[in-house]
$ cat run-v8.txt   # compact mmCIF, C-alpha atoms and all ligand atoms
# COMPACT_ATOMS: atom_id res chain seq x y z
CA MET A 763 -87.88 -185.02 -54.49
CA THR A 764 -90.19 -187.95 -53.71
CA ALA A 765 -91.15 -189.93 -56.81
CA PRO A 766 -94.61 -188.91 -57.99
CA SER A 767 -97.10 -191.57 -57.02
CA LEU A 768 -100.37 -190.30 -58.39
CA ARG A 769 -100.73 -190.59 -62.16
CA SER A 770 -103.68 -189.33 -64.18
CA ILE A 771 -104.60 -188.45 -67.72
CA SER A 772 -106.38 -185.16 -68.36
CA TYR A 773 -109.19 -186.69 -70.38
CA GLY A 774 -110.94 -184.37 -72.80
CA GLY A 775 -113.12 -186.93 -74.54
CA GLY A 776 -111.58 -186.23 -77.93
CA VAL A 777 -109.52 -188.38 -80.30
CA GLN A 778 -106.12 -188.05 -78.64
CA SER A 779 -107.13 -188.66 -75.05
CA THR A 780 -109.46 -191.50 -76.05
CA ALA A 781 -106.44 -193.12 -77.74
CA LEU A 782 -104.68 -192.76 -74.38
CA LEU A 783 -107.60 -194.59 -72.79
CA VAL A 784 -107.12 -197.48 -75.21
CA LEU A 785 -103.34 -197.47 -74.69
CA ALA A 786 -103.88 -197.56 -70.92
CA ALA A 787 -106.31 -200.47 -71.29
CA GLN A 788 -103.66 -202.28 -73.34
CA GLN A 789 -101.08 -201.42 -70.66
CA ARG A 790 -98.92 -199.65 -73.20
CA ILE A 791 -98.97 -196.63 -70.91
CA ASP A 792 -99.11 -196.69 -67.14
CA PHE A 793 -102.24 -194.73 -66.22
CA SER A 794 -105.29 -196.10 -64.45
CA LEU A 795 -106.96 -192.80 -63.63
CA PHE A 796 -108.59 -190.52 -66.22
CA LEU A 797 -109.95 -187.16 -65.02
CA MET A 798 -112.34 -185.25 -67.25
CA ALA A 799 -113.01 -181.62 -66.31
CA ASN A 800 -116.51 -180.95 -67.61
CA VAL A 801 -116.95 -177.30 -68.60
CA GLY A 802 -120.68 -177.88 -68.22
CA ASP A 803 -123.45 -180.00 -69.67
CA ASP A 804 -124.67 -176.76 -71.30
CA SER A 805 -121.20 -175.87 -72.63
CA GLU A 806 -119.29 -178.96 -73.80
CA ASN A 807 -119.97 -180.34 -77.26
CA PRO A 808 -123.07 -182.51 -76.53
CA ALA A 809 -121.70 -185.24 -78.83
CA THR A 810 -118.60 -185.48 -76.63
CA LEU A 811 -120.69 -185.91 -73.49
CA ARG A 812 -122.72 -188.61 -75.25
CA TYR A 813 -119.56 -190.38 -76.39
CA ILE A 814 -118.21 -190.44 -72.84
CA GLU A 815 -121.40 -191.96 -71.43
CA GLU A 816 -122.01 -194.43 -74.26
CA HIS A 817 -118.46 -195.54 -75.07
CA ALA A 818 -115.64 -194.21 -72.90
CA ARG A 819 -117.17 -194.96 -69.50
CA PRO A 820 -118.15 -198.57 -70.28
CA PHE A 821 -114.77 -199.18 -71.96
CA ALA A 822 -112.89 -197.77 -68.96
CA ALA A 823 -114.96 -199.83 -66.52
CA GLU A 824 -114.41 -202.99 -68.52
CA HIS A 825 -110.64 -202.46 -68.32
CA GLY A 826 -110.40 -201.47 -64.67
CA ILE A 827 -109.68 -197.82 -65.41
CA GLU A 828 -111.19 -195.13 -63.22
CA LEU A 829 -112.76 -192.42 -65.39
CA VAL A 830 -114.11 -189.52 -63.35
CA VAL A 831 -116.08 -186.58 -64.75
CA LEU A 832 -115.54 -183.51 -62.58
CA ASP A 833 -117.70 -180.40 -62.42
CA ARG A 834 -116.44 -177.03 -61.33
CA VAL A 835 -117.89 -176.74 -57.84
CA LYS A 836 -117.97 -173.33 -56.17
CA ARG A 837 -117.32 -172.71 -52.47
CA ASP A 838 -121.05 -172.77 -51.71
CA GLY A 839 -121.26 -176.25 -53.24
CA SER A 840 -123.09 -175.22 -56.40
CA VAL A 841 -121.90 -176.26 -59.86
CA GLU A 842 -120.73 -173.48 -62.15
CA THR A 843 -120.68 -174.02 -65.92
CA LEU A 844 -118.83 -171.88 -68.44
CA MET A 845 -122.08 -170.98 -70.21
CA GLY A 846 -123.54 -170.10 -66.81
CA ARG A 847 -120.66 -167.74 -66.08
CA LEU A 848 -120.94 -166.12 -69.52
CA THR A 849 -124.69 -165.55 -69.34
CA ARG A 850 -125.13 -164.70 -65.67
CA PRO A 851 -127.28 -161.55 -65.48
CA GLY A 852 -125.17 -158.48 -64.87
CA SER A 853 -121.91 -160.31 -65.52
CA ARG A 854 -119.12 -158.42 -67.24
CA SER A 855 -116.96 -161.48 -67.36
CA LEU A 856 -115.52 -162.55 -70.73
CA PRO A 857 -113.58 -165.68 -69.80
CA ILE A 858 -113.40 -167.22 -73.30
CA PRO A 859 -110.86 -166.34 -76.04
CA ILE A 860 -113.34 -164.01 -77.71
CA ARG A 861 -112.15 -162.42 -80.96
CA MET A 862 -111.44 -158.71 -80.95
CA SER A 863 -112.06 -156.49 -83.99
CA ASN A 864 -108.59 -157.41 -85.35
CA GLY A 865 -109.50 -161.10 -85.16
CA ALA A 866 -107.04 -161.90 -82.38
CA PRO A 867 -108.33 -163.91 -79.44
CA GLY A 868 -108.61 -162.03 -76.15
CA GLN A 869 -107.07 -163.31 -72.96
CA ARG A 870 -109.00 -166.19 -71.49
CA SER A 871 -109.45 -167.68 -68.07
CA CYS A 872 -111.78 -170.54 -69.08
CA THR A 873 -109.10 -173.20 -69.53
CA ALA A 874 -107.49 -172.34 -66.21
CA ASP A 875 -110.72 -172.05 -64.24
CA PHE A 876 -112.74 -174.86 -65.82
CA LYS A 877 -110.01 -177.40 -66.67
CA ILE A 878 -106.63 -176.90 -64.98
CA LYS A 879 -107.94 -175.84 -61.55
CA VAL A 880 -110.72 -178.42 -61.52
CA ILE A 881 -108.30 -181.25 -62.20
CA GLY A 882 -105.72 -179.72 -59.85
CA LYS A 883 -108.24 -179.62 -57.02
CA GLU A 884 -109.02 -183.31 -57.52
CA LEU A 885 -105.32 -184.23 -57.67
CA LYS A 886 -104.72 -182.36 -54.42
CA ARG A 887 -107.74 -184.06 -52.87
CA ARG A 888 -106.11 -187.35 -53.78
CA GLY A 889 -102.86 -186.37 -52.13
CA ALA A 890 -100.77 -184.50 -54.71
CA THR A 891 -98.53 -181.86 -53.16
CA ALA A 892 -95.57 -179.78 -54.27
CA ALA A 893 -93.32 -182.29 -52.52
CA ALA A 894 -95.09 -185.28 -54.09
CA PRO A 895 -96.55 -183.95 -57.33
CA ALA A 896 -98.94 -185.95 -59.48
CA THR A 897 -97.96 -186.88 -63.01
CA ILE A 898 -100.59 -185.64 -65.43
CA GLY A 899 -100.63 -186.98 -68.97
CA ILE A 900 -101.94 -184.74 -71.75
CA GLY A 901 -103.05 -186.03 -75.14
CA ILE A 902 -101.01 -183.99 -77.56
CA SER A 903 -100.02 -185.90 -80.69
CA VAL A 904 -96.87 -185.42 -82.76
CA ASP A 905 -98.66 -183.39 -85.46
CA GLU A 906 -99.74 -180.86 -82.80
CA ILE A 907 -96.43 -180.73 -80.96
CA HIS A 908 -96.50 -176.92 -80.91
CA ARG A 909 -99.29 -177.17 -78.31
CA ALA A 910 -97.00 -178.94 -75.87
CA ASN A 911 -95.81 -176.13 -73.70
CA ASN A 912 -95.40 -176.22 -69.98
CA ARG A 913 -96.48 -172.67 -69.46
CA ARG A 914 -99.15 -173.54 -66.94
CA VAL A 915 -97.49 -175.95 -64.59
CA GLU A 916 -98.84 -175.96 -61.07
CA PRO A 917 -96.54 -176.96 -58.21
CA HIS A 918 -98.52 -180.13 -57.45
CA GLU A 919 -98.16 -181.58 -60.94
CA VAL A 920 -95.63 -182.78 -63.48
CA ILE A 921 -96.88 -182.75 -67.06
CA THR A 922 -96.08 -185.51 -69.51
CA TYR A 923 -97.11 -186.17 -73.12
CA PRO A 924 -97.45 -189.93 -73.67
CA LEU A 925 -98.40 -189.63 -77.36
CA LEU A 926 -95.24 -187.67 -78.09
CA ASP A 927 -93.16 -190.31 -76.26
CA LEU A 928 -94.76 -192.98 -78.47
CA GLY A 929 -94.39 -190.85 -81.63
CA LEU A 930 -98.12 -191.04 -82.44
CA ARG A 931 -100.02 -188.74 -84.77
CA ARG A 932 -103.71 -187.90 -84.67
CA THR A 933 -104.37 -190.38 -87.49
CA ASP A 934 -102.60 -193.11 -85.46
CA CYS A 935 -104.88 -192.24 -82.54
CA ALA A 936 -107.98 -192.74 -84.67
CA ARG A 937 -106.66 -196.11 -85.85
CA ILE A 938 -105.85 -197.24 -82.28
CA ILE A 939 -109.39 -196.37 -81.22
CA ARG A 940 -110.98 -198.15 -84.17
CA ASP A 941 -108.81 -201.23 -83.71
CA ALA A 942 -110.05 -201.45 -80.12
CA GLY A 943 -113.61 -201.65 -81.44
CA LEU A 944 -114.61 -198.13 -80.40
CA PRO A 945 -116.04 -195.45 -82.68
CA VAL A 946 -113.76 -192.46 -83.23
CA PRO A 947 -115.04 -189.68 -80.94
CA PRO A 948 -116.12 -186.24 -82.18
CA LYS A 949 -113.91 -183.22 -81.54
CA SER A 950 -114.19 -182.13 -77.95
CA SER A 951 -114.47 -178.47 -76.95
CA CYS A 952 -117.07 -175.99 -75.81
CA PHE A 953 -119.52 -175.78 -78.69
CA PHE A 954 -119.12 -171.99 -78.73
CA CYS A 955 -115.30 -171.91 -78.49
CA PRO A 956 -113.85 -168.94 -80.39
CA PHE A 957 -110.86 -171.13 -81.29
CA HIS A 958 -113.04 -173.12 -83.72
CA ARG A 959 -111.86 -173.15 -87.30
CA PRO A 960 -114.28 -171.61 -89.84
CA GLU A 961 -114.88 -175.16 -91.14
CA THR A 962 -115.99 -176.25 -87.68
CA TRP A 963 -118.48 -173.39 -87.52
CA HIS A 964 -119.70 -174.26 -90.96
CA ASP A 965 -120.20 -177.91 -89.96
CA GLN A 966 -122.05 -176.80 -86.85
CA ARG A 967 -124.38 -174.57 -88.86
CA ARG A 968 -125.13 -177.37 -91.32
CA ASP A 969 -125.25 -180.41 -88.99
CA GLU A 970 -126.29 -178.99 -85.64
CA PRO A 971 -128.34 -175.87 -86.41
CA GLU A 972 -129.75 -175.66 -82.89
CA LEU A 973 -126.21 -175.47 -81.44
CA PHE A 974 -125.25 -172.89 -84.06
CA GLU A 975 -128.29 -170.84 -83.04
CA LYS A 976 -127.21 -171.02 -79.40
CA SER A 977 -123.72 -169.85 -80.37
CA CYS A 978 -125.22 -166.90 -82.29
CA GLN A 979 -127.43 -166.02 -79.34
CA LEU A 980 -124.47 -166.10 -76.96
CA GLU A 981 -122.51 -163.75 -79.22
CA GLU A 982 -125.53 -161.42 -79.43
CA LEU A 983 -125.95 -161.41 -75.65
CA LEU A 984 -122.28 -160.55 -75.09
CA ASN A 985 -122.52 -157.66 -77.56
CA LYS A 986 -125.77 -156.36 -76.08
CA ARG A 987 -123.94 -156.16 -72.79
CA ARG A 988 -120.99 -154.43 -74.42
CA ASP A 989 -123.37 -151.90 -76.01
CA GLU A 990 -124.63 -151.03 -72.52
CA LEU A 991 -121.03 -150.51 -71.38
CA GLY A 992 -120.19 -148.42 -74.47
CA LYS A 993 -117.65 -150.98 -75.67
CA ASP A 994 -116.96 -152.23 -79.18
CA HIS A 995 -118.28 -155.55 -80.41
CA VAL A 996 -116.49 -158.87 -80.05
CA TYR A 997 -117.10 -162.06 -81.98
CA LEU A 998 -116.83 -165.83 -81.90
CA THR A 999 -114.99 -165.88 -85.25
CA ARG A 1000 -112.06 -163.79 -86.41
CA PHE A 1001 -114.01 -162.09 -89.20
CA ASN A 1002 -115.07 -158.99 -87.25
CA ARG A 1003 -118.75 -159.58 -87.91
CA PRO A 1004 -121.58 -161.60 -86.39
CA LEU A 1005 -121.39 -165.38 -86.62
CA ARG A 1006 -124.63 -165.53 -88.65
CA GLU A 1007 -123.04 -163.37 -91.36
CA ALA A 1008 -119.48 -164.68 -91.06
CA ILE A 1009 -120.59 -168.28 -91.62
CA PRO A 1010 -123.26 -168.10 -94.30
CA ASP A 1011 -125.87 -170.82 -94.59
CA GLY A 1012 -125.48 -173.45 -97.30
CA VAL A 1013 -122.10 -172.36 -98.68
CA ASP A 1014 -119.40 -174.99 -98.66
CA LEU A 1015 -116.17 -173.39 -97.56
CA LEU A 1016 -113.00 -174.03 -99.46
CA PRO A 1017 -110.03 -175.19 -97.42
CA MET A 1018 -108.38 -171.79 -97.49
CA PHE A 1019 -107.83 -171.21 -93.83
CA ASP A 1020 -104.72 -171.03 -91.80
CA GLU A 1021 -103.84 -174.36 -90.20
CA ALA A 1022 -102.73 -172.64 -87.03
CA ASP A 1023 -106.24 -171.32 -86.57
CA GLY A 1024 -108.58 -173.35 -84.46
CA LEU A 1025 -106.58 -174.99 -81.72
CA CYS A 1026 -106.30 -174.19 -78.11
CA ASP A 1027 -102.61 -173.68 -77.44
CA SER A 1028 -102.39 -175.63 -74.21
CA GLY A 1029 -103.67 -179.16 -74.68
CA TRP A 1030 -105.97 -178.94 -71.67
CA CYS A 1031 -108.87 -178.37 -74.07
CA MET A 1032 -109.53 -180.15 -77.35
CA THR A 1033 -107.65 -183.39 -76.80
S1 LIG A 1101 -112.78 -175.18 -75.43
FE1 LIG A 1101 -112.42 -172.98 -75.80
S2 LIG A 1101 -114.04 -171.89 -74.67
FE2 LIG A 1101 -113.95 -174.02 -73.88
S3 LIG A 1101 -112.58 -173.92 -72.10
FE3 LIG A 1101 -111.31 -174.45 -73.88
S4 LIG A 1101 -110.54 -172.46 -74.72
FE4 LIG A 1101 -112.25 -172.05 -73.31
$ encode --input "run-v8.txt" --output "structure tokens" --more "lines below"
Ligand code: SF4
Amino acid sequence: MTAPSLRSISYGGGVQSTALLVLAAQQRIDFSLFLMANVGDDSENPATLRYIEEHARPFAAEHGIELVVLDRVKRDGSVETLMGRLTRPGSRSLPIPIRMSNGAPGQRSCTADFKIKVIGKELKRRGATAAAPATIGIGISVDEIHRANNRRVEPHEVITYPLLDLGLRRTDCARIIRDAGLPVPPKSSCFFCPFHRPETWHDQRRDEPELFEKSCQLEELLNKRRDELGKDHVYLTRFNRPLREAIPDGVDLLPMFDEADGLCDSGWCMT
């Protein structure tokens, strides 16, 4: 097989992949292209989008790294966002890992459609093929090694985990970012992601009440639609009740939740 020539990081705008940006700038890893698949300006954590514009982009430019934010563009040329797909009138689509009455997340297509395919399309546009696949680096750190699975490998790509190769943990990533003079970024994900830990929901309710309200409204819309179809309710948390009730206002949660809760299992999101 021809040696892969194209090398890119799947940049999520979170702590791990921002550490990769710093490591690339310091030439400790060999990547000069960072591709960020934007799930939508109305869907991604707004603080992540701000961080990218205010810190990551200027840092990348200063160090000769190409950082490209990619939208999901449909065949007709229009941009589709995940929130747009979820709220489109008449849509029955439930692409996110919505929680069923038993608390388990349903099957999702959001990561594939809004991250993997968007980056794959760009890699192919830049010349990646099955014969000459691109190397794509994903920011999984040693403490989250269980997320490093190659379940979704496309023929035009070879996945690699530079933080695992360097033996770095999430706390190391934060230190690397700080030492480079950058603020540590907020957690990246869709603000309404059903993989959020209860603590994350609680923080959102307390610190970003307008986002929490939007999350509640999304959940209500999805259930209104399910009522019309005669289907049972689904939720953004695993507590089998509406977000407003599941995450009460003003109560500080004790750290009593399962550590495994709250992380996307692929590394394409939340890195
Ligand atoms: S962050 Fe959550 S909702 Fe958003 S694309 Fe990833 S899995 Fe889907």
$ atom_distance --input "run-v8.txt" --atom1 "atom CA of A:Leu848" --atom2 "atom CA of A:Ser977"
11.8 Å
$ atom_distance --input "run-v8.txt" --atom1 "atom CA of A:Phe876" --atom2 "atom CA of A:Met798"
10.5 Å
$ residues_around --input "run-v8.txt" --residues "A:Tyr773" --least-positions-apart "3" --cutoff "10 Å" --atoms "all atoms listed in the file" --output "NGL selection string"
:A and (770 or 776 or 778-780 or 782-783 or 795-800 or 829-831 or 881 or 898-901 or 1030-1033)
$ atom_distance --input "run-v8.txt" --atom1 "atom CA of A:Lys886" --atom2 "atom CA of A:Gln869"
26.7 Å
$ closest_residue --input "run-v8.txt" --among "A:Gly882, A:Gly1012, A:Pro917, A:Gly889" --to "A:Leu832" --atoms "all atoms listed in the file"
A:Gly882
